[in-house]
Amino acid sequence: MIAHLKGRLAATGADHAVIDVNGVGYLVGASAKTLEKLGMVGDAVTIHTEMLVAEDFIRLMGFATADERDWFKLLTHVQGVGSKVALAILSILTPDELRTAVARADSAMIARANGVGPKLAQRIVNELKDKAGGIALGGGGAAPAPAGSAAADAVSALLNLGFKPAEASTAVSAANDELGSGATLDALVRLALRKAAK
């Protein structure tokens with residue numbers, strides 16, 4: 001499994017980028033928001049990735065942040081949402097905006113994406129409400145960590161270990177308060193795991 005790519009931006013298209021890593025060009029599907037954040041051709045880039053494997057293809061998807069990648073995974077677990085629709089949603093909504101839409105059951109916000117009708121938008125809200133609601137705004141939950149920060153990556157790490165979004169967000173928030181803003185990802189994850197285990 002390829003978790004991320006670090007190299008040079010060789011080319012971009014409407015829905016993809018080519019990342020040159022030591023002379024090997026990796027074609028990665030990407031949302032419009034990720035493509036905006038990558039910068040100009042020739043720039044050094046780091047992109048988080050998710051590999052999709054099916055009978056007839058292997059495709060690499062790329063994301064500007066681990067938070068965006070986690071939302072892609074959540075979205076594609078909803079029946080009727082494939083990689084194309086998930087990227088369409090992430091092209092118009094940032095992870096924080098998507099989190100807010102799900103928390104507020106605002107299916108109309110999600111339905112703005114290409115290929116997402118009212119019924120599918122409602123299904124997305126219904127199915128992700130419990131999975132994503134803990135990190136969402138309101139309800140006394142912890143505020144979402146800034147995308148791309150060590151705190152956001154630490155929340156992502158805990159989610160990958162099987163913690164619920166609310167538990168992960170609360171534990172990382174507590175660890176971040178204790179360690180301060182200069183904390184490394186490693187230190188944050190270690191302390192958050194200890195706090196989550198209490």
# chains A, B, ... in the order shown; residues from 1 in each chain; ligands from 1
$ select_by_dssp --residues "chain A" --states "alpha helix (DSSP H)" --output "PyMOL selection string"
chain A and resi 32-38+66-76+83-92+95-103+107-110+118-132+150-160+165-179+185-197
$ select_by_dssp --residues "stretch 20-84 of chain A" --states "strand (DSSP E or B)" --output "list in words"
Asp20, Val21, Val24, Gly25, Tyr26, Leu27, Val28, Gly29, Ala30, Ala44, Val45, Thr46, Ile47, His48, Thr49, Glu50, Met51, Leu52, Val53, Ile58, Arg59, Leu60, Met61, Gly62 and Phe63 of chain A
$ atom_distance --atom1 "atom CA of A:Leu9" --atom2 "atom CA of A:Ile47"
10.0 Å
$ residues_around --residues "A:His77" --least-positions-apart "2" --cutoff "12 Å" --atoms "only C-alpha atoms" --output "PyMOL selection string"
chain A and resi 70-75+79-83+85-86+123-124+127-128+131
$ write_last_selection --atoms "N, CA, C and O atoms" --output "short mmCIF file (atom, residue, chain, number, x, y, z; two decimals), in the first residue's frame"
data_model
loop_
_atom_site.label_atom_id
_atom_site.label_comp_id
_atom_site.auth_asym_id
_atom_site.auth_seq_id
_atom_site.Cartn_x
_atom_site.Cartn_y
_atom_site.Cartn_z
N ASP A 70 -9.28 10.60 4.49
CA ASP A 70 -10.19 9.88 5.39
C ASP A 70 -11.65 10.10 4.98
O ASP A 70 -12.46 9.17 5.05
N TRP A 71 -11.97 11.32 4.55
CA TRP A 71 -13.34 11.59 4.09
C TRP A 71 -13.65 10.83 2.80
O TRP A 71 -14.75 10.35 2.59
N PHE A 72 -12.65 10.71 1.93
CA PHE A 72 -12.82 9.94 0.70
C PHE A 72 -13.19 8.49 1.05
O PHE A 72 -14.11 7.91 0.48
N LYS A 73 -12.46 7.93 2.02
CA LYS A 73 -12.74 6.55 2.45
C LYS A 73 -14.16 6.43 3.01
O LYS A 73 -14.88 5.48 2.69
N LEU A 74 -14.55 7.38 3.86
CA LEU A 74 -15.90 7.36 4.44
C LEU A 74 -16.96 7.45 3.34
O LEU A 74 -17.93 6.69 3.35
N LEU A 75 -16.76 8.37 2.42
CA LEU A 75 -17.74 8.57 1.36
C LEU A 75 -17.90 7.34 0.48
O LEU A 75 -19.01 6.94 0.13
N GLN A 79 -23.24 3.30 0.05
CA GLN A 79 -23.75 2.64 -1.14
C GLN A 79 -24.12 3.68 -2.20
O GLN A 79 -24.80 4.66 -1.92
N GLY A 80 -23.64 3.47 -3.42
CA GLY A 80 -23.94 4.40 -4.51
C GLY A 80 -22.90 5.48 -4.70
O GLY A 80 -22.98 6.27 -5.64
N VAL A 81 -21.90 5.54 -3.80
CA VAL A 81 -20.85 6.55 -3.94
C VAL A 81 -19.55 5.86 -4.35
O VAL A 81 -18.93 5.15 -3.57
N GLY A 82 -19.17 6.07 -5.61
CA GLY A 82 -17.90 5.55 -6.10
C GLY A 82 -16.83 6.61 -5.98
O GLY A 82 -17.07 7.71 -5.47
N SER A 83 -15.65 6.29 -6.47
CA SER A 83 -14.54 7.23 -6.36
C SER A 83 -14.81 8.54 -7.10
O SER A 83 -14.45 9.62 -6.63
N VAL A 85 -17.75 10.06 -7.69
CA VAL A 85 -18.69 10.90 -6.93
C VAL A 85 -18.03 11.46 -5.68
O VAL A 85 -18.20 12.63 -5.33
N ALA A 86 -17.22 10.63 -5.00
CA ALA A 86 -16.52 11.10 -3.79
C ALA A 86 -15.60 12.28 -4.14
O ALA A 86 -15.55 13.28 -3.41
N ARG A 123 -28.78 9.97 1.74
CA ARG A 123 -28.19 8.72 2.20
C ARG A 123 -26.79 8.96 2.80
O ARG A 123 -26.43 8.39 3.82
N ILE A 124 -26.01 9.84 2.15
CA ILE A 124 -24.67 10.17 2.65
C ILE A 124 -24.77 10.76 4.05
O ILE A 124 -24.06 10.34 4.97
N GLU A 127 -25.91 7.96 6.59
CA GLU A 127 -24.92 6.92 6.88
C GLU A 127 -23.67 7.45 7.57
O GLU A 127 -23.04 6.73 8.34
N LEU A 128 -23.30 8.70 7.31
CA LEU A 128 -22.07 9.24 7.90
C LEU A 128 -22.30 9.98 9.20
O LEU A 128 -21.34 10.31 9.89
N LYS A 131 -20.69 8.09 12.03
CA LYS A 131 -19.26 7.92 11.85
C LYS A 131 -18.50 9.23 11.96
O LYS A 131 -17.39 9.27 12.45
#
$ residues_around --residues "A:Asn160" --least-positions-apart "3" --cutoff "12 Å" --atoms "only C-alpha atoms" --output "VMD selection string"
chain A and resid 66 to 67 69 to 70 73 to 74 153 to 157 163 to 165 168 189
$ atom_distance --atom1 "atom CA of A:Val45" --atom2 "atom CA of A:Val28"
12.7 Å
$ atom_distance --atom1 "atom CA of A:Ile2" --atom2 "atom CA of A:Gly62"
10.4 Å
$ closest_residue --among "A:His4, A:Leu27, A:Glu36, A:Val18" --to "A:His48" --atoms "only C-alpha atoms"
A:His4
$ residues_around --residues "A:Asp177" --least-positions-apart "2" --cutoff "12 Å" --atoms "only C-alpha atoms" --output "list in words"
Ala142, Ala145, Ala151, Thr170, Ala171, Val172, Ser173, Ala174, Ala175, Leu179, Gly180, Ser181, Gly182, Ala183, Leu188, Leu191 and Ala192 of chain A
$ write_last_selection --atoms "C-alpha atoms" --output "mmCIF file, in the first residue's frame"
data_model
loop_
_atom_site.group_PDB
_atom_site.id
_atom_site.type_symbol
_atom_site.label_atom_id
_atom_site.label_comp_id
_atom_site.auth_asym_id
_atom_site.auth_seq_id
_atom_site.Cartn_x
_atom_site.Cartn_y
_atom_site.Cartn_z
ATOM 1 C CA ALA A 142 -14.184 19.009 20.262
ATOM 2 C CA ALA A 145 -8.276 20.282 14.093
ATOM 3 C CA ALA A 151 -3.399 17.433 15.327
ATOM 4 C CA THR A 170 -11.339 14.565 22.208
ATOM 5 C CA ALA A 171 -8.130 12.629 23.013
ATOM 6 C CA VAL A 172 -6.033 14.571 20.480
ATOM 7 C CA SER A 173 -7.513 17.870 21.633
ATOM 8 C CA ALA A 174 -6.578 17.063 25.256
ATOM 9 C CA ALA A 175 -3.084 15.955 24.212
ATOM 10 C CA LEU A 179 1.774 19.532 24.824
ATOM 11 C CA GLY A 180 1.214 22.918 23.164
ATOM 12 C CA SER A 181 1.138 23.947 19.517
ATOM 13 C CA GLY A 182 4.723 22.855 18.750
ATOM 14 C CA ALA A 183 4.051 19.191 19.534
ATOM 15 C CA LEU A 188 0.596 13.831 20.047
ATOM 16 C CA LEU A 191 -0.282 11.050 24.548
ATOM 17 C CA ALA A 192 -3.680 10.878 22.805
#
$ residues_around --residues "stretch 112-115 of chain A" --least-positions-apart "3" --cutoff "8 Å" --atoms "only C-alpha atoms" --output "list in words"
Val85, Ala88, Ile89, Ser91, Ile92, Ala108 and Met109 of chain A
$ write_last_selection --atoms "N, CA, C and O atoms" --output "CSV table (one decimal), in the first residue's frame"
chain,number,residue,atom,x,y,z
A,85,VAL,N,-17.7,10.1,-7.7
A,85,VAL,CA,-18.7,10.9,-6.9
A,85,VAL,C,-18.0,11.5,-5.7
A,85,VAL,O,-18.2,12.6,-5.3
A,88,ALA,N,-16.0,14.3,-6.7
A,88,ALA,CA,-16.8,15.4,-7.0
A,88,ALA,C,-17.3,16.2,-5.8
A,88,ALA,O,-17.3,17.4,-5.7
A,89,ILE,N,-17.6,15.4,-4.7
A,89,ILE,CA,-18.0,16.1,-3.4
A,89,ILE,C,-16.8,16.8,-2.8
A,89,ILE,O,-17.0,18.0,-2.4
A,91,SER,N,-14.4,18.0,-4.3
A,91,SER,CA,-14.0,19.2,-5.2
A,91,SER,C,-14.8,20.4,-4.9
A,91,SER,O,-14.3,21.5,-5.2
A,92,ILE,N,-16.0,20.3,-4.2
A,92,ILE,CA,-16.7,21.5,-3.9
A,92,ILE,C,-16.8,21.8,-2.4
A,92,ILE,O,-17.1,22.9,-2.0
A,108,ALA,N,-28.7,19.3,1.1
A,108,ALA,CA,-28.7,20.2,0.0
A,108,ALA,C,-27.2,20.7,-0.3
A,108,ALA,O,-26.9,20.8,-1.5
A,109,MET,N,-26.4,20.8,0.7
A,109,MET,CA,-25.0,21.3,0.5
A,109,MET,C,-24.3,20.2,-0.3
A,109,MET,O,-23.5,20.5,-1.2
$ closest_residue --among "A:Thr12, A:Thr184, A:Thr46, A:Ser169" --to "A:Ala30" --atoms "only C-alpha atoms"
A:Thr12
